[in-house]
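Colleague: Here's a structure for you.
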Amino acid sequence: MTHLSSYQTRILGSRVLLLPGLLLSLVLLIGCLLWSITLGAADITPQVVYAALFDFDEAEFDHVIIQTVRLPRVIAGVIVGAALAVAGAIMQGLTRNPLADSGLLGINAGAAFAVVLVVYLLGTPSLSVYAIAALIGAGLAAAFVYGIGAFGGATPLRLTLAGVILTAFVSSLTTAILIQDQETLDRIRFWTAGSLGGRDFAIITQTAPLIAVGLVGALLISRQITTISLGEDVAKGLGQDTLRIKLIAAALVVMLAGGAVALAGPIGFVGLVIPHIARFIAGVDYRWIIPYSAVLGGILVTLADVAARVVLRPLELPVGVMMALVGAPFFIYLARWKVKR
Amino acid sequence: MIQAENLSLGYDSGANIIHQLTLTLTPGHITALVGPNGCGKSTLLRGLSRLLKPAHGAVYLDGQDIHAMKAKDLARQLGILPQAPTAPEGLTVHELVAQGRYPHQNWFQQWSGDDERIVAEALEQTNLTLFADRPVDTLSGGQRQRAWIAMALAQQTNVLLLDEPTTYLDLAHQIDVLDLLAELNEQGRTIVMVLHDLNQAARYADTIVALRGGQIVAQGTPDQVITSENILQVFGLDADVIVDPVTGTPLCVPIGRRGGRNKKAAASINGKVKTVIPA
């Protein structure tokens with residue numbers, strides 16, 4: 001078969017390279033994680049990190065820091081990055097909308113508002129309540145945005161506008177609660193900007209199962225997502241029950257985005273940027289886009305968190321702020337060149 | 001064989017577009033659905049597949065109600081190409097055609113050597129073998145339409161429905177696509193398509209169904225359907241019908257309100273056209 005390389009639109013043009021490429025990304029992710037663990041208020045050498053992970057000594061102060069502070073932090077980052085990126089990939093495939101992202105479409109904001117509301121009403125609820133509140137908030141936001149945006153056809157512009165409107169509205173409600181309630185504000189101020197700081201294994205174990213189900217589900221319906229990305233009529237003509245696929249996919253997005261928000265607050269742009277990079281590397285088949293998105297999302301959030309801790313040392317920025325610095329220019333690029341009007 | 005019985009079709013909002021329509025499509029024929037904009041020809045095509053659920057009545061494929069069938073069972077017997085489909089950016093021709101195997105796959109049986117062979121045949125038949133690795137969005141309009149037809153071929157259905165397969169194509173590519181469909185028909189496939197151009201319908205179809213206001217006005221061979229009376233009734237347009245000098249099929253020549261702009265030329269030719277079929 002002839003190879004017309006001038007038309008190549010993906011880095012890994014040959015299918016044979018897809019699996020090695022994914023494994024390489026995984027190695028890169030692990031490297032980023034270890035690097036991230038060494039960085040912090042006190043720099044810890046890689047040798048000590050290794051010892052703390054595989055030969056833990058609770059008398060060593062550095063070992064304790066690594067096991068109780070830094071390890072949960074990086075694990076939370078990977079989980080959140082994978083969840084948001086895969087949620088974005090599903091949404092982009094399903095809606096054929098290059099701007100689809102749980103942040104832009106208001107789902108993250110809905111989940112965050114639900115969490116803030118619950119903290120405000122209940123004080124310090126048990127950890128599982130966070131996840132449930134985030135799920136409900138994410139689900140209502142998704143239903144609202146789709147309901148408003150789908151009037152007269154769910155075009156990228158309509159959906160994005162509906163998402164922006166919901167985000168603006170819900171975020172001001174969130175701010176209103178936080179302003180009039182100092183106690184709630186103190187407790188979750190950093191979290192509302194999207195932060196991996198202060199995450200512990202207790203909250204990870206509450207949200208990780210939700211996200212794990214979301215990720216596995218996404219892989220299971222990835223072939224169907226590729227088909228529906230050709231357009232709903234084409235997918236129906238090929239014998240797909242598109243309504244069922246859309247409902248399953250929506251449930252997975254709500255689980256992934258809701259779980260991610262419960263864990264680290266509303267971090268935007270991961271779900272927008274990463275699927276495009278995954279497509280640029282691996283092409284248009286969602287059986288590959290989804291695993292690539294998961295790994296690359298983990299890398300991006302880990303690096304953003306490193307940057308958030310390093311740029312203003314010893315001060316620490318919320319990772320959501322760093323993501324916005326990367327994501328906003330990318331959004332402009334997509335809106336300018338990739339959205340067909 | 002496809003039969004529509006008392007079929008009424010409409011969209012969620014508003015009145016039905018197709019009213020109580022009964023139609024039998026002959027197997028092995030090319031059938032063209034023609035009519036003015038908004039007459040319901042595309043809606044009818046959507047109703048004959050499963051893209052649109054009937055408000056009343058039913059569509060039968062070999063005696064089975066298509067809405068009672070499993071979606072994949074139907075998709076192995078009947079393929080449909082919507083109007084002007086767009087592929088995701090970067091999707092290669094091979095990847096698009098491979099999607100045609102979707103109804104033949106399931107959880108346990110994914111991609112096989114048979115699938116690969118069938119995709120290669122579909123590419124061969126549509127003259128796209130050399131373009132297999134090209135992204136669909138970099139192809140010319142005609143090649144792109146052939147790629148979508150190749151996807152439908154890989155679906156291996158006996159019936160193929162197409163909604164205006166020649167839209168947005170220049171004349172040469174329109175004829176190229178219609179010739180391809182005629183070839184596929186000669187291999188035994190039943191083809192039903194919505195066409196805008198009456199003369200192309202007359203050339204390529206065995207049966208023409210003319211619609212107006214959601215109802216069938218005329219149905220039959222091109223000679224039976226393409227007549228001055230029917231064109232006036234269906235399109236509200238005065239037209240002469242002459243014999244197509246190439247194919248011998250009816251050729252519709254619109255007169256319009258003024259008989260064209262060049263009155264002198266019109267007057268000088270008057271009465272000279274011997275090929276006008278008497279009304």
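By order of appearance in the structure tokens: chains A, B, ..., then residues from 1 within every chain, and ligands from 1 in the order shown.
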Can you write out as CSV which residues of chain B fall within 7 Å of chain A, alongside each residue's closest atom pair and its distance in Å to one decimal, counting only C-alpha atoms and ordering rows by chain and ascending residue number?
Modeller:
residue,atom,partner,partner_atom,distance
B:Leu51,CA,A:Asp233,CA,6.5
B:Ala71,CA,A:Gly239,CA,4.5
B:Lys72,CA,A:Gly239,CA,4.2
B:Leu74,CA,A:Gly239,CA,6.9
B:Ala75,CA,A:Gly239,CA,4.9
B:Gly79,CA,A:Gly237,CA,6.1
B:Ile80,CA,A:Gly237,CA,5.5
B:Leu81,CA,A:Val234,CA,6.7
B:Pro82,CA,A:Asp233,CA,6.6
B:Thr86,CA,A:Leu230,CA,6.9
B:Ala87,CA,A:Leu230,CA,5.5
B:Pro88,CA,A:Leu230,CA,6.3
B:Gly90,CA,A:Thr9,CA,5.9
B:Leu91,CA,A:Val284,CA,5.9
B:Gln99,CA,A:Thr227,CA,6.7
B:Gly100,CA,A:Leu238,CA,6.8
B:Tyr102,CA,A:Leu238,CA,6.2
B:Pro103,CA,A:Gly239,CA,5.7
B:Leu130,CA,A:Thr2,CA,6.4
B:Asp133,CA,A:His3,CA,6.6
B:Arg134,CA,A:Tyr7,CA,6.3
B:Pro135,CA,A:Tyr7,CA,7.0
Colleague: Based on the selection just made, write all heavy atoms of those residues as a compact mmCIF listing (two decimals), in the first residue's frame.
Modeller:
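That gives us result_32.txt:
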# COMPACT_ATOMS: atom_id res chain seq x y z
N LEU B 51 -33.83 5.86 10.31
CA LEU B 51 -33.41 7.15 10.85
C LEU B 51 -34.61 7.92 11.39
O LEU B 51 -34.46 8.82 12.19
CB LEU B 51 -32.71 7.98 9.76
CG LEU B 51 -31.41 7.37 9.23
CD1 LEU B 51 -30.73 8.35 8.29
CD2 LEU B 51 -30.48 6.99 10.37
N ALA B 71 -31.30 -3.56 15.41
CA ALA B 71 -30.65 -2.53 14.60
C ALA B 71 -29.54 -3.12 13.72
O ALA B 71 -29.42 -2.80 12.55
CB ALA B 71 -30.09 -1.44 15.52
N LYS B 72 -28.75 -4.02 14.29
CA LYS B 72 -27.63 -4.58 13.52
C LYS B 72 -28.11 -5.55 12.45
O LYS B 72 -27.52 -5.63 11.37
CB LYS B 72 -26.63 -5.27 14.44
CG LYS B 72 -25.68 -4.30 15.12
CD LYS B 72 -24.54 -5.03 15.78
CE LYS B 72 -23.56 -4.03 16.37
NZ LYS B 72 -22.44 -4.70 17.06
N LEU B 74 -30.84 -5.25 10.74
CA LEU B 74 -31.28 -4.41 9.64
C LEU B 74 -30.06 -3.85 8.89
O LEU B 74 -30.03 -3.83 7.66
CB LEU B 74 -32.15 -3.26 10.16
CG LEU B 74 -32.64 -2.30 9.07
CD1 LEU B 74 -33.59 -3.01 8.12
CD2 LEU B 74 -33.31 -1.07 9.67
N ALA B 75 -29.04 -3.43 9.67
CA ALA B 75 -27.85 -2.81 9.05
C ALA B 75 -27.04 -3.80 8.22
O ALA B 75 -26.19 -3.39 7.44
CB ALA B 75 -26.98 -2.18 10.13
N GLY B 79 -28.33 -0.53 3.83
CA GLY B 79 -27.38 0.53 4.18
C GLY B 79 -27.96 1.87 3.79
O GLY B 79 -28.74 1.96 2.85
N ILE B 80 -27.60 2.91 4.53
CA ILE B 80 -28.08 4.25 4.16
C ILE B 80 -26.95 5.26 4.26
O ILE B 80 -26.18 5.25 5.22
CB ILE B 80 -29.27 4.71 5.04
CG1 ILE B 80 -29.61 6.17 4.73
CG2 ILE B 80 -29.00 4.52 6.52
CD1 ILE B 80 -31.03 6.55 4.84
N LEU B 81 -26.84 6.09 3.25
CA LEU B 81 -25.89 7.21 3.29
C LEU B 81 -26.68 8.50 3.39
O LEU B 81 -27.43 8.84 2.49
CB LEU B 81 -25.07 7.26 2.00
CG LEU B 81 -23.78 6.47 1.94
CD1 LEU B 81 -22.97 6.93 0.74
CD2 LEU B 81 -22.97 6.63 3.21
N PRO B 82 -26.51 9.22 4.51
CA PRO B 82 -27.20 10.50 4.64
C PRO B 82 -26.63 11.51 3.64
O PRO B 82 -25.58 11.27 3.04
CB PRO B 82 -26.91 10.94 6.07
CG PRO B 82 -26.18 9.84 6.72
CD PRO B 82 -25.69 8.91 5.67
N THR B 86 -20.05 14.16 6.88
CA THR B 86 -18.68 14.67 7.05
C THR B 86 -17.91 13.76 7.98
O THR B 86 -18.39 13.38 9.05
CB THR B 86 -18.66 16.09 7.63
OG1 THR B 86 -19.54 16.12 8.75
CG2 THR B 86 -19.08 17.12 6.62
N ALA B 87 -16.69 13.42 7.56
CA ALA B 87 -15.84 12.55 8.36
C ALA B 87 -15.05 13.40 9.35
O ALA B 87 -14.73 14.54 9.05
CB ALA B 87 -14.88 11.79 7.45
N PRO B 88 -14.74 12.85 10.53
CA PRO B 88 -13.87 13.58 11.45
C PRO B 88 -12.52 13.87 10.78
O PRO B 88 -12.05 13.07 9.99
CB PRO B 88 -13.68 12.62 12.62
CG PRO B 88 -14.74 11.60 12.48
CD PRO B 88 -15.13 11.55 11.04
N GLY B 90 -8.91 13.96 9.71
CA GLY B 90 -7.81 13.02 9.88
C GLY B 90 -8.19 11.56 9.69
O GLY B 90 -7.32 10.70 9.59
N LEU B 91 -9.49 11.24 9.64
CA LEU B 91 -9.93 9.85 9.41
C LEU B 91 -9.49 9.41 8.02
O LEU B 91 -9.80 10.09 7.03
CB LEU B 91 -11.45 9.78 9.53
CG LEU B 91 -12.08 8.38 9.40
CD1 LEU B 91 -12.03 7.66 10.74
CD2 LEU B 91 -13.51 8.48 8.92
N GLN B 99 -15.33 1.08 8.98
CA GLN B 99 -16.51 1.28 9.81
C GLN B 99 -17.73 0.56 9.23
O GLN B 99 -18.67 0.26 9.95
CB GLN B 99 -16.81 2.78 9.97
CG GLN B 99 -15.89 3.49 10.95
CD GLN B 99 -16.09 3.00 12.36
OE1 GLN B 99 -17.20 2.70 12.78
NE2 GLN B 99 -15.01 2.90 13.11
N GLY B 100 -17.71 0.31 7.92
CA GLY B 100 -18.81 -0.42 7.30
C GLY B 100 -18.98 -1.82 7.87
O GLY B 100 -20.04 -2.43 7.74
N TYR B 102 -19.04 -2.50 10.96
CA TYR B 102 -19.61 -2.38 12.31
C TYR B 102 -20.76 -3.36 12.59
O TYR B 102 -20.74 -4.07 13.60
CB TYR B 102 -20.07 -0.93 12.55
CG TYR B 102 -20.57 -0.64 13.93
CD1 TYR B 102 -19.71 -0.22 14.93
CD2 TYR B 102 -21.92 -0.79 14.26
CE1 TYR B 102 -20.16 0.05 16.20
CE2 TYR B 102 -22.39 -0.53 15.53
CZ TYR B 102 -21.50 -0.11 16.50
OH TYR B 102 -21.96 0.15 17.76
N PRO B 103 -21.77 -3.43 11.69
CA PRO B 103 -22.89 -4.34 12.03
C PRO B 103 -22.51 -5.82 11.99
O PRO B 103 -23.28 -6.65 12.45
CB PRO B 103 -23.93 -4.02 10.95
CG PRO B 103 -23.20 -3.36 9.86
CD PRO B 103 -22.04 -2.65 10.48
N LEU B 130 -5.54 3.19 -3.97
CA LEU B 130 -4.33 4.00 -3.81
C LEU B 130 -4.50 5.11 -2.78
O LEU B 130 -3.53 5.71 -2.35
CB LEU B 130 -3.94 4.63 -5.15
CG LEU B 130 -3.32 3.68 -6.16
CD1 LEU B 130 -3.01 4.41 -7.46
CD2 LEU B 130 -2.04 3.08 -5.58
N ASP B 133 -4.75 5.30 2.56
CA ASP B 133 -4.14 5.93 3.73
C ASP B 133 -4.33 7.44 3.77
O ASP B 133 -3.79 8.10 4.65
CB ASP B 133 -2.65 5.59 3.79
CG ASP B 133 -2.43 4.12 4.11
OD1 ASP B 133 -3.33 3.53 4.75
OD2 ASP B 133 -1.39 3.57 3.71
N ARG B 134 -5.08 7.95 2.80
CA ARG B 134 -5.28 9.41 2.79
C ARG B 134 -6.43 9.79 3.72
O ARG B 134 -7.45 9.13 3.75
CB ARG B 134 -5.65 9.86 1.36
CG ARG B 134 -4.47 9.96 0.42
CD ARG B 134 -3.95 11.37 0.32
NE ARG B 134 -4.91 12.30 -0.24
CZ ARG B 134 -4.92 12.68 -1.51
NH1 ARG B 134 -4.03 12.20 -2.36
NH2 ARG B 134 -5.80 13.55 -1.94
N PRO B 135 -6.28 10.91 4.45
CA PRO B 135 -7.43 11.40 5.22
C PRO B 135 -8.57 11.79 4.29
O PRO B 135 -8.33 12.40 3.24
CB PRO B 135 -6.88 12.64 5.93
CG PRO B 135 -5.41 12.47 5.94
CD PRO B 135 -5.07 11.70 4.69
Colleague: So that I can see what lies close to Ile75 of chain A, please list as a PyMOL selection string the residues with an atom at most 12 Å from it, counting only C-alpha atoms and leaving out residues fewer than 2 positions away in the same chain.
Modeller: chain A and resi 29-30+32-34+36-37+66-73+77-82+196-197+199-201+203-205+207-208+263-264+298-299+301-302+305
Colleague: Go ahead and write the selection's residues with C-alpha atoms as a PDB file, in the first residue's frame.
Modeller:
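Saved result, selection02.pdb, follows:
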ATOM      1  CA  LEU A  29       4.241   9.461  33.249  1.00  0.00           C
ATOM      2  CA  ILE A  30       6.062   7.426  35.894  1.00  0.00           C
ATOM      3  CA  CYS A  32       7.103  12.740  35.880  1.00  0.00           C
ATOM      4  CA  LEU A  33       5.570  11.291  39.037  1.00  0.00           C
ATOM      5  CA  LEU A  34       8.938  10.484  40.590  1.00  0.00           C
ATOM      6  CA  SER A  36       7.223  15.548  41.171  1.00  0.00           C
ATOM      7  CA  ILE A  37       7.746  13.610  44.423  1.00  0.00           C
ATOM      8  CA  ILE A  66       6.638  11.222  50.967  1.00  0.00           C
ATOM      9  CA  GLN A  67       4.166   8.596  52.099  1.00  0.00           C
ATOM     10  CA  THR A  68       1.594  10.911  53.662  1.00  0.00           C
ATOM     11  CA  VAL A  69       1.897  14.146  51.691  1.00  0.00           C
ATOM     12  CA  ARG A  70       3.610  13.815  48.365  1.00  0.00           C
ATOM     13  CA  LEU A  71       2.560  10.353  47.230  1.00  0.00           C
ATOM     14  CA  PRO A  72      -1.177  10.985  47.721  1.00  0.00           C
ATOM     15  CA  ARG A  73      -0.730  14.303  45.970  1.00  0.00           C
ATOM     16  CA  GLY A  77      -3.008  14.323  40.142  1.00  0.00           C
ATOM     17  CA  VAL A  78      -2.785  11.274  37.875  1.00  0.00           C
ATOM     18  CA  ILE A  79      -6.320  10.164  38.666  1.00  0.00           C
ATOM     19  CA  VAL A  80      -7.767  13.617  38.117  1.00  0.00           C
ATOM     20  CA  GLY A  81      -5.808  14.168  34.904  1.00  0.00           C
ATOM     21  CA  ALA A  82      -6.856  10.820  33.461  1.00  0.00           C
ATOM     22  CA  LEU A 196      -3.992  18.825  44.625  1.00  0.00           C
ATOM     23  CA  GLY A 197      -2.573  20.166  47.905  1.00  0.00           C
ATOM     24  CA  ARG A 199      -5.209  15.457  49.394  1.00  0.00           C
ATOM     25  CA  ASP A 200      -4.905  12.283  51.433  1.00  0.00           C
ATOM     26  CA  PHE A 201      -5.573   8.623  50.803  1.00  0.00           C
ATOM     27  CA  ILE A 203     -10.435  11.117  49.878  1.00  0.00           C
ATOM     28  CA  ILE A 204      -8.652   9.203  47.103  1.00  0.00           C
ATOM     29  CA  THR A 205     -10.258   5.928  48.147  1.00  0.00           C
ATOM     30  CA  THR A 207     -13.355   8.905  44.543  1.00  0.00           C
ATOM     31  CA  ALA A 208     -10.972   6.486  42.803  1.00  0.00           C
ATOM     32  CA  LEU A 263     -10.990  14.931  44.485  1.00  0.00           C
ATOM     33  CA  ALA A 264      -9.318  18.131  43.340  1.00  0.00           C
ATOM     34  CA  GLY A 298      -1.989  12.269  34.011  1.00  0.00           C
ATOM     35  CA  ILE A 299       1.277  13.706  32.665  1.00  0.00           C
ATOM     36  CA  VAL A 301      -1.747  17.540  35.491  1.00  0.00           C
ATOM     37  CA  THR A 302       1.421  16.221  37.161  1.00  0.00           C
ATOM     38  CA  ASP A 305       1.204  20.728  39.634  1.00  0.00           C
TER      39      ASP A 305
END
Colleague: Looking at A:Ile44, A:Val213, A:Val254, A:Val115, which one is nearest to Ser128 of chain A, with distances taken over only C-alpha atoms?
Modeller: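 Of the candidates, the smallest distance to Ser128 of chain A is held by A:Val115.
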Colleague: Among segment 192-324 of chain A, which residues carry a DSSP assignment of helix (DSSP H, G or I), reported as a PyMOL selection string?
Modeller: chain A and resi 192+201-220+222-228+232-237+242-264+270-282+286-310+319-324
Colleague: Identify, on the basis of only C-alpha atoms, every residue whose closest approach to Thr43 of chain B does not exceed 10 Å; exclude the query and any residue fewer than 3 positions from it along the same chain; express the result as a VMD selection string.
Modeller: chain B and resid 9 to 11 17 to 18 38 to 40 46 to 48 51 to 52 163 194 214
Colleague: When you draw a straight line from atom CA of Ser293 of chain A to atom CA of Ala83 of chain A, how long is it in Å?
Modeller: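 Interatomic distance here is 9.0 Å.
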Colleague: Name all residues at most 10 Å from Asp244 of chain B (count only C-alpha atoms; drop same-chain ones fewer than 5 positions away) and give them as a list in words.
Modeller: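 After dropping sequence-adjacent residues, the list is Asn199, Ala202, Arg203, Thr249, Pro250, Leu251, Cys252 and Thr275 of chain B.
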Colleague: Quote the spacing between atom CA of Leu127 of chain A and atom CA of Gly259 of chain A in Å to one decimal place.
Modeller: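 Atom CA of Gly259 of chain A lies 12.0 Å from atom CA of Leu127 of chain A.
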Colleague: Which is closest to Ala307 of chain A among A:Ile177, A:Val321, A:Ala138, A:Ile277, if we use only C-alpha atoms?
Modeller: A:Val321
Colleague: Work out how far apart atom CA of Leu26 of chain A and atom CA of Trp111 of chain B are and give it in Å to one decimal.
Modeller: 26.2 Å
Colleague: Excluding Ala122 of chain B and residues on its chain fewer than 6 positions from it, collect all residues at most 6 Å away from it, counting only C-alpha atoms, and give them as a VMD selection string.
Modeller: chain B and resid 150 153 to 154
Colleague: Keeping only N, CA and C atoms, take the residues you just selected and write them out as a short mmCIF file (atom, residue, chain, number, x, y, z; two decimals), in the first residue's frame.
Modeller:
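Done, and the output landed in selection_3.cif:
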data_model
loop_
_atom_site.label_atom_id
_atom_site.label_comp_id
_atom_site.auth_asym_id
_atom_site.auth_seq_id
_atom_site.Cartn_x
_atom_site.Cartn_y
_atom_site.Cartn_z
N ALA B 150 -18.02 3.40 -0.54
CA ALA B 150 -17.22 2.21 -0.22
C ALA B 150 -17.53 1.71 1.20
N LEU B 153 -20.56 -0.17 0.96
CA LEU B 153 -20.32 -1.46 0.31
C LEU B 153 -19.76 -2.47 1.29
N ALA B 154 -18.84 -2.00 2.15
CA ALA B 154 -18.25 -2.90 3.14
C ALA B 154 -19.31 -3.43 4.10
#
Colleague: From a DSSP pass on the backbone, collect the residues of segment 81-204 of chain B flagged as strand (DSSP E) and hand them back as number ranges by chain.
Modeller: B: 81, 159-163, 190-194
Colleague: Kindly save the residues from that selection, with N, CA and C atoms included, as an mmCIF file, in the first residue's frame.
Modeller:
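Ended up saving to out22.cif:
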data_model
loop_
_atom_site.group_PDB
_atom_site.id
_atom_site.type_symbol
_atom_site.label_atom_id
_atom_site.label_comp_id
_atom_site.auth_asym_id
_atom_site.auth_seq_id
_atom_site.Cartn_x
_atom_site.Cartn_y
_atom_site.Cartn_z
ATOM 1 N N LEU B 81 -26.835 6.095 3.245
ATOM 2 C CA LEU B 81 -25.891 7.206 3.288
ATOM 3 C C LEU B 81 -26.681 8.500 3.388
ATOM 4 N N VAL B 159 -29.567 -3.851 -0.080
ATOM 5 C CA VAL B 159 -30.288 -2.611 -0.379
ATOM 6 C C VAL B 159 -29.429 -1.438 0.060
ATOM 7 N N LEU B 160 -29.352 -0.433 -0.813
ATOM 8 C CA LEU B 160 -28.573 0.757 -0.484
ATOM 9 C C LEU B 160 -29.441 1.990 -0.717
ATOM 10 N N LEU B 161 -29.624 2.783 0.338
ATOM 11 C CA LEU B 161 -30.391 4.023 0.218
ATOM 12 C C LEU B 161 -29.419 5.193 0.240
ATOM 13 N N LEU B 162 -29.609 6.156 -0.654
ATOM 14 C CA LEU B 162 -28.704 7.305 -0.680
ATOM 15 C C LEU B 162 -29.496 8.601 -0.788
ATOM 16 N N ASP B 163 -29.163 9.557 0.063
ATOM 17 C CA ASP B 163 -29.844 10.843 0.040
ATOM 18 C C ASP B 163 -29.000 11.838 -0.754
ATOM 19 N N THR B 190 -30.229 -3.519 -4.793
ATOM 20 C CA THR B 190 -31.355 -2.617 -4.949
ATOM 21 C C THR B 190 -30.910 -1.240 -4.475
ATOM 22 N N ILE B 191 -31.123 -0.240 -5.298
ATOM 23 C CA ILE B 191 -30.686 1.098 -4.930
ATOM 24 C C ILE B 191 -31.871 2.044 -4.943
ATOM 25 N N VAL B 192 -31.992 2.814 -3.862
ATOM 26 C CA VAL B 192 -33.035 3.825 -3.772
ATOM 27 C C VAL B 192 -32.342 5.129 -3.453
ATOM 28 N N MET B 193 -32.538 6.153 -4.317
ATOM 29 C CA MET B 193 -31.862 7.407 -4.011
ATOM 30 C C MET B 193 -32.757 8.608 -4.275
ATOM 31 N N VAL B 194 -32.492 9.631 -3.476
ATOM 32 C CA VAL B 194 -33.133 10.916 -3.712
ATOM 33 C C VAL B 194 -32.269 11.651 -4.724
#
Colleague: Taking 5 positions as the minimum chain separation for residues in the same chain, which residues sit within 12 Å of Gly217 of chain A when counting only C-alpha atoms? Answer as an MDAnalysis selection string.
Modeller: chainID A and resid 83 86:87 90 210:212 222:225 245 248:253 255:256 287 290:291
Colleague: If we count only C-alpha atoms and set the cut-off at 9 Å, which residues sit around His104 of chain B, ignoring sequence neighbours fewer than 6 positions away in its own chain? Please answer as an MDAnalysis selection string.
Modeller: chainID B and resid 72:73 75:76 110 115 155
